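Source file: work_19.tsv; contents: TSV, C-alpha atoms.
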```
chain	number	residue	atom	x	y	z
A	1	MET	CA	3.58	-70.34	34.05
A	2	LEU	CA	6.95	-68.94	35.15
A	3	ARG	CA	8.50	-69.83	31.79
A	4	GLN	CA	5.69	-68.03	29.96
A	5	ARG	CA	6.05	-64.97	32.18
A	6	VAL	CA	9.78	-64.81	31.45
A	7	ILE	CA	9.24	-65.18	27.69
A	8	THR	CA	6.63	-62.41	27.66
A	9	ALA	CA	8.81	-60.11	29.78
A	10	ALA	CA	11.78	-60.74	27.46
A	11	TRP	CA	10.01	-59.03	24.53
A	12	LEU	CA	7.65	-56.75	26.42
A	13	ALA	CA	10.30	-54.88	28.44
A	14	PRO	CA	12.49	-53.76	25.49
A	15	LEU	CA	9.43	-52.95	23.38
A	16	SER	CA	8.05	-50.76	26.17
A	17	LEU	CA	11.38	-48.98	26.72
A	18	VAL	CA	11.80	-48.21	23.02
A	19	GLY	CA	8.20	-47.10	22.67
A	20	LEU	CA	8.26	-44.83	25.71
A	21	PHE	CA	11.74	-43.34	25.57
A	22	VAL	CA	12.96	-43.57	21.96
A	23	LEU	CA	9.85	-42.67	20.00
A	24	GLU	CA	8.79	-39.03	19.86
A	25	GLY	CA	6.03	-36.91	18.42
A	26	ALA	CA	3.56	-38.70	16.13
A	27	ALA	CA	5.32	-42.06	16.52
A	28	PHE	CA	4.98	-41.87	20.31
A	29	ALA	CA	1.31	-40.85	19.98
A	30	VAL	CA	0.63	-43.86	17.75
A	31	PHE	CA	2.48	-46.24	20.08
A	32	THR	CA	0.63	-45.09	23.20
A	33	GLY	CA	-2.60	-44.95	21.20
A	34	LEU	CA	-2.27	-48.63	20.29
A	35	VAL	CA	-1.70	-49.51	23.94
A	36	VAL	CA	-4.77	-47.53	25.02
A	37	VAL	CA	-6.94	-49.02	22.26
A	38	LEU	CA	-5.95	-52.54	23.37
A	39	ALA	CA	-6.79	-51.53	26.93
A	40	GLY	CA	-10.14	-50.32	25.58
A	41	TRP	CA	-10.77	-53.76	24.09
A	42	GLU	CA	-10.28	-55.22	27.56
A	43	TRP	CA	-12.36	-52.51	29.23
A	44	SER	CA	-15.33	-53.30	27.00
A	45	ARG	CA	-15.29	-56.80	28.49
A	46	LEU	CA	-15.20	-55.37	32.01
A	47	ALA	CA	-18.14	-53.20	30.99
A	48	GLY	CA	-20.16	-56.31	30.15
A	49	LEU	CA	-19.76	-56.64	26.37
A	50	GLU	CA	-19.02	-60.18	25.17
A	51	ALA	CA	-19.58	-60.15	21.40
A	52	SER	CA	-16.40	-59.52	19.41
A	53	TRP	CA	-18.14	-57.07	17.07
A	54	GLN	CA	-19.31	-54.98	20.03
A	55	ARG	CA	-15.89	-54.90	21.63
A	56	GLY	CA	-14.25	-54.21	18.29
A	57	GLY	CA	-16.65	-51.33	17.68
A	58	CYS	CA	-15.77	-49.80	21.05
A	59	SER	CA	-12.07	-50.12	20.28
A	60	LEU	CA	-12.52	-48.47	16.88
A	61	ALA	CA	-14.50	-45.63	18.44
A	62	LEU	CA	-11.77	-45.10	21.01
A	63	GLY	CA	-9.08	-45.15	18.33
A	64	ALA	CA	-11.03	-42.64	16.23
A	65	THR	CA	-11.38	-40.38	19.28
A	66	LEU	CA	-7.63	-40.44	19.91
A	67	ALA	CA	-6.92	-39.76	16.22
A	68	GLY	CA	-9.29	-36.80	16.30
A	69	LEU	CA	-7.62	-35.40	19.41
A	70	ALA	CA	-4.20	-35.81	17.78
A	71	TRP	CA	-5.45	-33.86	14.76
A	72	LEU	CA	-6.81	-31.07	16.99
A	73	GLY	CA	-3.46	-30.75	18.77
A	74	SER	CA	-2.39	-30.06	22.33
A	75	ALA	CA	-4.86	-27.22	22.92
A	76	GLN	CA	-7.37	-29.77	24.22
A	77	SER	CA	-4.98	-31.30	26.76
A	78	VAL	CA	-5.73	-29.24	29.86
A	79	TRP	CA	-9.50	-29.65	29.86
A	80	LEU	CA	-9.27	-33.34	28.98
A	81	LEU	CA	-6.90	-33.89	31.90
A	82	GLY	CA	-9.30	-31.90	34.08
A	83	ILE	CA	-12.19	-34.14	33.03
A	84	GLY	CA	-10.02	-37.13	33.90
A	85	ALA	CA	-9.34	-35.73	37.37
A	86	LEU	CA	-13.06	-35.17	37.98
A	87	GLY	CA	-13.73	-38.66	36.71
A	88	TRP	CA	-11.34	-40.12	39.26
A	89	LEU	CA	-13.23	-38.34	42.03
A	90	VAL	CA	-16.34	-40.19	40.84
A	91	ASN	CA	-14.34	-43.43	40.70
A	92	LEU	CA	-13.17	-42.83	44.27
A	93	TYR	CA	-16.78	-42.43	45.39
A	94	TRP	CA	-17.72	-45.72	43.76
A	95	VAL	CA	-14.70	-47.69	44.96
A	96	THR	CA	-15.06	-46.57	48.57
A	97	GLY	CA	-18.77	-47.43	48.44
A	98	TYR	CA	-18.45	-50.90	46.94
A	99	PRO	CA	-20.67	-52.90	46.97
A	100	GLN	CA	-23.31	-50.56	48.44
A	101	ARG	CA	-23.08	-48.17	45.46
A	102	LEU	CA	-22.89	-50.93	42.88
A	103	ASP	CA	-26.17	-49.95	41.23
A	104	HIS	CA	-24.69	-46.53	40.36
A	105	TRP	CA	-22.26	-48.02	37.83
A	106	ARG	CA	-23.70	-51.48	37.11
A	107	PRO	CA	-25.25	-50.51	33.70
A	108	THR	CA	-22.97	-51.32	30.77
A	109	GLY	CA	-23.30	-47.80	29.40
A	110	VAL	CA	-22.04	-46.27	32.63
A	111	ARG	CA	-19.04	-48.59	32.70
A	112	LEU	CA	-18.24	-47.73	29.09
A	113	ALA	CA	-18.39	-44.03	29.94
A	114	MET	CA	-16.14	-44.73	32.91
A	115	GLY	CA	-13.65	-46.29	30.51
A	116	ALA	CA	-13.73	-43.17	28.32
A	117	TRP	CA	-12.87	-40.80	31.17
A	118	VAL	CA	-10.14	-43.18	32.34
A	119	LEU	CA	-8.45	-44.14	29.06
A	120	VAL	CA	-8.64	-40.97	26.96
A	121	PRO	CA	-6.95	-38.77	29.62
A	122	THR	CA	-4.36	-41.53	30.10
A	123	TRP	CA	-3.31	-41.20	26.45
A	124	VAL	CA	-3.32	-37.41	26.70
A	125	GLY	CA	-1.23	-37.54	29.89
A	126	PHE	CA	1.41	-39.79	28.34
A	127	ASN	CA	1.82	-37.42	25.40
A	128	VAL	CA	1.91	-34.28	27.54
A	129	LEU	CA	4.65	-35.74	29.73
A	130	ARG	CA	6.66	-37.02	26.76
A	131	ASP	CA	6.51	-33.59	25.14
A	132	ALA	CA	7.69	-32.05	28.42
A	133	GLY	CA	10.73	-34.32	28.46
A	134	ALA	CA	11.53	-37.97	28.98
A	135	ALA	CA	12.68	-37.26	32.55
A	136	TRP	CA	9.15	-36.38	33.68
A	137	LEU	CA	7.69	-39.48	32.08
A	138	LEU	CA	10.40	-41.60	33.66
A	139	LEU	CA	9.65	-40.07	37.04
A	140	VAL	CA	5.95	-40.90	37.04
A	141	LEU	CA	6.67	-44.47	35.91
A	142	LEU	CA	9.24	-44.92	38.68
A	143	LEU	CA	6.83	-43.41	41.21
A	144	VAL	CA	4.12	-45.93	40.38
A	145	TRP	CA	6.47	-48.91	40.26
A	146	GLY	CA	8.34	-47.81	43.39
A	147	ALA	CA	5.12	-47.23	45.32
A	148	ASP	CA	3.85	-50.64	44.29
A	149	ILE	CA	7.06	-52.33	45.47
A	150	GLY	CA	7.11	-50.37	48.73
A	151	ALA	CA	3.46	-51.17	49.40
A	152	TYR	CA	4.03	-54.87	48.74
A	153	PHE	CA	6.95	-55.34	51.11
A	154	VAL	CA	5.73	-53.04	53.89
A	155	GLY	CA	2.25	-54.53	53.61
A	156	ARG	CA	3.60	-58.06	53.92
A	157	ALA	CA	5.77	-57.16	56.91
A	158	LEU	CA	3.54	-54.78	58.82
A	159	GLY	CA	0.11	-54.83	57.20
A	160	ARG	CA	-2.76	-55.11	59.67
A	161	ARG	CA	-5.50	-52.65	58.71
A	162	LYS	CA	-7.30	-53.47	55.47
A	163	LEU	CA	-7.55	-50.67	52.93
A	164	ALA	CA	-10.52	-51.87	50.88
A	165	PRO	CA	-11.42	-55.43	51.93
A	166	SER	CA	-14.47	-55.64	49.68
A	167	VAL	CA	-12.42	-54.72	46.61
A	168	SER	CA	-8.87	-55.97	47.20
A	169	PRO	CA	-8.43	-57.85	50.51
A	170	GLY	CA	-4.65	-57.97	50.26
A	171	LYS	CA	-4.08	-54.20	50.37
A	172	THR	CA	-3.45	-52.48	53.72
A	173	TRP	CA	-3.06	-48.93	54.99
A	174	GLU	CA	0.45	-49.80	56.14
A	175	GLY	CA	1.26	-50.76	52.58
A	176	VAL	CA	-0.01	-47.40	51.34
A	177	VAL	CA	2.31	-45.63	53.80
A	178	GLY	CA	5.21	-47.77	52.58
A	179	GLY	CA	4.43	-46.80	49.00
A	180	LEU	CA	4.30	-43.11	49.95
A	181	LEU	CA	7.70	-43.33	51.64
A	182	VAL	CA	9.31	-44.89	48.56
A	183	SER	CA	7.72	-42.40	46.15
A	184	SER	CA	8.75	-39.48	48.38
A	185	LEU	CA	12.35	-40.71	48.34
A	186	LEU	CA	12.22	-40.92	44.56
A	187	ALA	CA	10.83	-37.38	44.39
A	188	VAL	CA	13.66	-36.01	46.54
A	189	THR	CA	16.22	-37.83	44.37
A	190	PHE	CA	14.62	-36.40	41.23
A	191	ALA	CA	14.57	-32.88	42.68
A	192	VAL	CA	18.31	-33.08	43.41
A	193	TRP	CA	19.04	-34.56	39.97
A	194	GLN	CA	17.10	-31.78	38.22
A	195	SER	CA	18.44	-29.06	40.56
A	196	LEU	CA	14.93	-27.91	41.43
A	197	SER	CA	14.48	-24.92	43.71
A	198	LEU	CA	13.29	-25.54	47.27
A	199	SER	CA	9.77	-24.35	46.48
A	200	ALA	CA	9.59	-26.53	43.36
A	201	ALA	CA	10.92	-29.53	45.29
A	202	LEU	CA	8.32	-29.06	48.05
A	203	GLY	CA	5.61	-28.70	45.44
A	204	LEU	CA	6.82	-31.87	43.76
A	205	LEU	CA	6.55	-33.75	47.05
A	206	VAL	CA	2.92	-32.67	47.43
A	207	VAL	CA	2.11	-33.68	43.84
A	208	VAL	CA	3.89	-37.02	44.28
A	209	ALA	CA	1.85	-37.82	47.39
A	210	ILE	CA	-1.40	-37.09	45.51
A	211	VAL	CA	-0.32	-39.09	42.46
A	212	THR	CA	0.82	-42.04	44.58
A	213	LEU	CA	-2.56	-42.23	46.28
A	214	ALA	CA	-4.22	-41.93	42.87
A	215	SER	CA	-2.18	-44.88	41.59
A	216	VAL	CA	-3.60	-47.01	44.41
A	217	LEU	CA	-7.09	-45.94	43.36
A	218	GLY	CA	-6.34	-46.95	39.75
A	219	ASP	CA	-5.43	-50.43	40.92
A	220	LEU	CA	-8.54	-50.66	43.11
A	221	LEU	CA	-10.86	-49.54	40.33
A	222	GLU	CA	-9.79	-52.34	38.00
A	223	SER	CA	-9.94	-54.83	40.88
A	224	MET	CA	-13.50	-53.72	41.60
A	225	LEU	CA	-14.59	-54.18	37.99
A	226	LYS	CA	-12.91	-57.58	37.71
A	227	ARG	CA	-14.44	-58.72	41.00
A	228	PHE	CA	-17.90	-57.69	39.79
A	229	ARG	CA	-17.38	-59.56	36.50
A	230	GLY	CA	-15.79	-62.60	38.19
A	231	LEU	CA	-12.54	-62.23	36.21
A	232	LYS	CA	-9.00	-62.91	37.35
A	233	ASP	CA	-7.33	-60.96	34.52
A	234	SER	CA	-8.54	-58.29	32.13
A	235	SER	CA	-7.46	-60.55	29.22
A	236	GLN	CA	-4.70	-62.91	28.12
A	237	LEU	CA	-3.05	-60.52	25.66
A	238	LEU	CA	0.19	-60.80	27.66
A	239	PRO	CA	0.62	-64.54	28.35
A	240	GLY	CA	1.63	-65.14	31.93
A	241	HIS	CA	0.96	-61.50	32.85
A	242	GLY	CA	-2.74	-61.11	32.13
A	243	GLY	CA	-3.88	-58.13	30.10
A	244	ILE	CA	-2.79	-54.60	29.25
A	245	LEU	CA	-5.04	-53.13	31.94
A	246	ASP	CA	-3.50	-55.44	34.54
A	247	ARG	CA	-0.14	-53.80	33.77
A	248	ILE	CA	-1.26	-50.15	33.49
A	249	ASP	CA	-4.19	-49.90	35.92
A	250	SER	CA	-2.23	-47.73	38.38
A	251	LEU	CA	-0.85	-45.60	35.53
A	252	THR	CA	-4.34	-44.78	34.24
A	253	ALA	CA	-4.85	-42.65	37.34
A	254	ALA	CA	-1.28	-41.51	37.99
A	255	VAL	CA	-0.24	-40.39	34.50
A	256	PRO	CA	-3.07	-37.95	33.67
A	257	LEU	CA	-3.09	-36.50	37.18
A	258	PHE	CA	0.68	-36.00	37.17
A	259	ALA	CA	0.47	-34.42	33.72
A	260	LEU	CA	-2.12	-31.98	35.08
A	261	LEU	CA	-0.11	-31.07	38.19
A	262	TYR	CA	3.56	-31.72	37.36
A	263	PRO	CA	5.97	-28.95	38.39
A	264	GLY	CA	7.33	-28.48	34.87
A	265	GLY	CA	3.95	-27.02	33.97
A	266	TRP	CA	4.01	-24.30	36.62
```
How would this structure read if it were set down as structure tokens?
Amino acid sequence: MLRQRVITAAWLAPLSLVGLFVLEGAAFAVFTGLVVVLAGWEWSRLAGLEASWQRGGCSLALGATLAGLAWLGSAQSVWLLGIGALGWLVNLYWVTGYPQRLDHWRPTGVRLAMGAWVLVPTWVGFNVLRDAGAAWLLLVLLLVWGADIGAYFVGRALGRRKLAPSVSPGKTWEGVVGGLLVSSLLAVTFAVWQSLSLSAALGLLVVVAIVTLASVLGDLLESMLKRFRGLKDSSQLLPGHGGILDRIDSLTAAVPLFALLYPGGW
């Protein structure tokens, strides 16, 4: 297993770096679109579809939607990101009420709709941030990764109070605080690097706190769906690492929300 993880990481890491920070414009939109469509293939399984033709049809529909949005241009970005933010409020309601509110989202159609308001704004958010400058995209990626690392180590050392035991028993409130501390430190470092004004830096700290908490929710949402379906991984597309969704679950919440609120847009 370790050997397979290393082999996958050896090609996945450089591919991701080139795709995210070298590609621009239409090429970047196509690259992120392919990632989101593959994530949509996995989501259709979480939604309860098993037949390949059904899952393939959902992926094609998602790809066609992204192509249509690309053709329409960036004018649609703000309201799509707003829909994504509202969708995550609904997701929060369902995650915090699991399993009591299970019947609200159990139907396959509801879970497919959930995937639409999660994945489409994720693609939009990636493209908005890339157009704003690679530094903003780099920041949100570092925030999510840094928060995850901080939560892991602080949770292991100090974790006592469970965050969502019915969804993900390993996560603790202490871990969340550790993640917030790391992401706040990254935000301060970024503000100094970009020579932000005091008001912009303070605003960034507020946005970072919101986005960090949202990234935790993104992780919990996928965990909830996998637990309901009895799955360990969203797929085996990335041998040794699980699926695309297993790698970007936190980003599906953090990226569109950051794109909606990021200081460069003020």
With only C-alpha atoms as the basis for distance, which of A:Phe228, A:Trp88, A:Phe190, A:Phe126 is at the shortest distance from A:Ser166?
A:Phe228
With all atoms listed in the file as the atoms that count, which of A:Leu217, A:Leu245, A:Lys162, A:Phe258 lies nearest to A:Leu204?
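Ranking A:Leu217, A:Leu245, A:Lys162, A:Phe258 by distance to A:Leu204, first place goes to A:Phe258.
Rounded to one decimal, atom CA of A:Leu72 and atom CA of A:Asn91 lie 27.8 Å from each other.
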Just the residues within 9 Å of A:Leu119, please, counting all atoms listed in the file, with nothing from its chain fewer than 6 positions along; format it as a VMD selection string.
chain A and resid 36 to 37 39 to 40 62 84 252
I need the residue nearest A:Arg106 from this list: A:Gly87, A:Gly240, A:Gly33, A:Gly48. Use all atoms listed in the file for the distance.
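That would be A:Gly48, the residue with the smallest distance to A:Arg106.
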Which residues are near A:Val206? Cut-off 12 Å, only C-alpha atoms, ignore same chain within fewer than 5 positions. Put them as a ChimeraX atom specification.
/A:180,183-184,187-188,199-201,211-213,258,261-263
Would you export the selected residues with C-alpha atoms as an mmCIF file, in the frame of the given file, please?
```
data_model
loop_
_atom_site.group_PDB
_atom_site.id
_atom_site.type_symbol
_atom_site.label_atom_id
_atom_site.label_comp_id
_atom_site.auth_asym_id
_atom_site.auth_seq_id
_atom_site.Cartn_x
_atom_site.Cartn_y
_atom_site.Cartn_z
ATOM 1 C CA LEU A 180 4.300 -43.110 49.950
ATOM 2 C CA SER A 183 7.720 -42.400 46.150
ATOM 3 C CA SER A 184 8.750 -39.480 48.380
ATOM 4 C CA ALA A 187 10.830 -37.380 44.390
ATOM 5 C CA VAL A 188 13.660 -36.010 46.540
ATOM 6 C CA SER A 199 9.770 -24.350 46.480
ATOM 7 C CA ALA A 200 9.590 -26.530 43.360
ATOM 8 C CA ALA A 201 10.920 -29.530 45.290
ATOM 9 C CA VAL A 211 -0.320 -39.090 42.460
ATOM 10 C CA THR A 212 0.820 -42.040 44.580
ATOM 11 C CA LEU A 213 -2.560 -42.230 46.280
ATOM 12 C CA PHE A 258 0.680 -36.000 37.170
ATOM 13 C CA LEU A 261 -0.110 -31.070 38.190
ATOM 14 C CA TYR A 262 3.560 -31.720 37.360
ATOM 15 C CA PRO A 263 5.970 -28.950 38.390
#
```
Measuring between all atoms listed in the file, which one of A:Pro256, A:Gly242, A:Gly178, A:Gly150 shows the shortest distance to A:Arg5?
A:Gly242
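When all atoms listed in the file are used to compute distances to A:Val90, the closest of the residues A:Trp117, A:Trp11, A:Trp53, A:Trp123 turns out to be A:Trp117.
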Which is closer to A:Ser235 than all the others in A:Leu163, A:Ala27, A:Leu38, A:Leu17, using all atoms listed in the file?
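Result for the nearest residue to A:Ser235: A:Leu38.
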Would you kindly return, as a PyMOL selection string, each protein, DNA or RNA residue with an atom no farther than 7 Å from any atom of A:Asp249, considering all atoms listed in the file and excluding same-chain residues fewer than 5 positions away?
chain A and resi 218-219+222
Near-A:Leu69 list (12 Å; all atoms listed in the file; drop same-chain fewer than 2 positions) as number ranges by chain
A: 29-30, 33, 62-67, 71-77, 80, 120-121, 123-124, 127
Write out as number ranges by chain the residues lying within 9 Å of A:Ser223, counting all atoms listed in the file and excluding same-chain residues fewer than 6 positions away.
A: 167-168, 232
Please report the interatomic distance between atom CA of A:Leu143 and atom CA of A:Gly179 in Å with one decimal.
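Between atom CA of A:Leu143 and atom CA of A:Gly179 the gap is 8.8 Å.
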Could you jot down the atom CA of A:Arg161 to atom CA of A:Trp173 separation for me, Å, one decimal place?
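So the answer is 5.8 Å.
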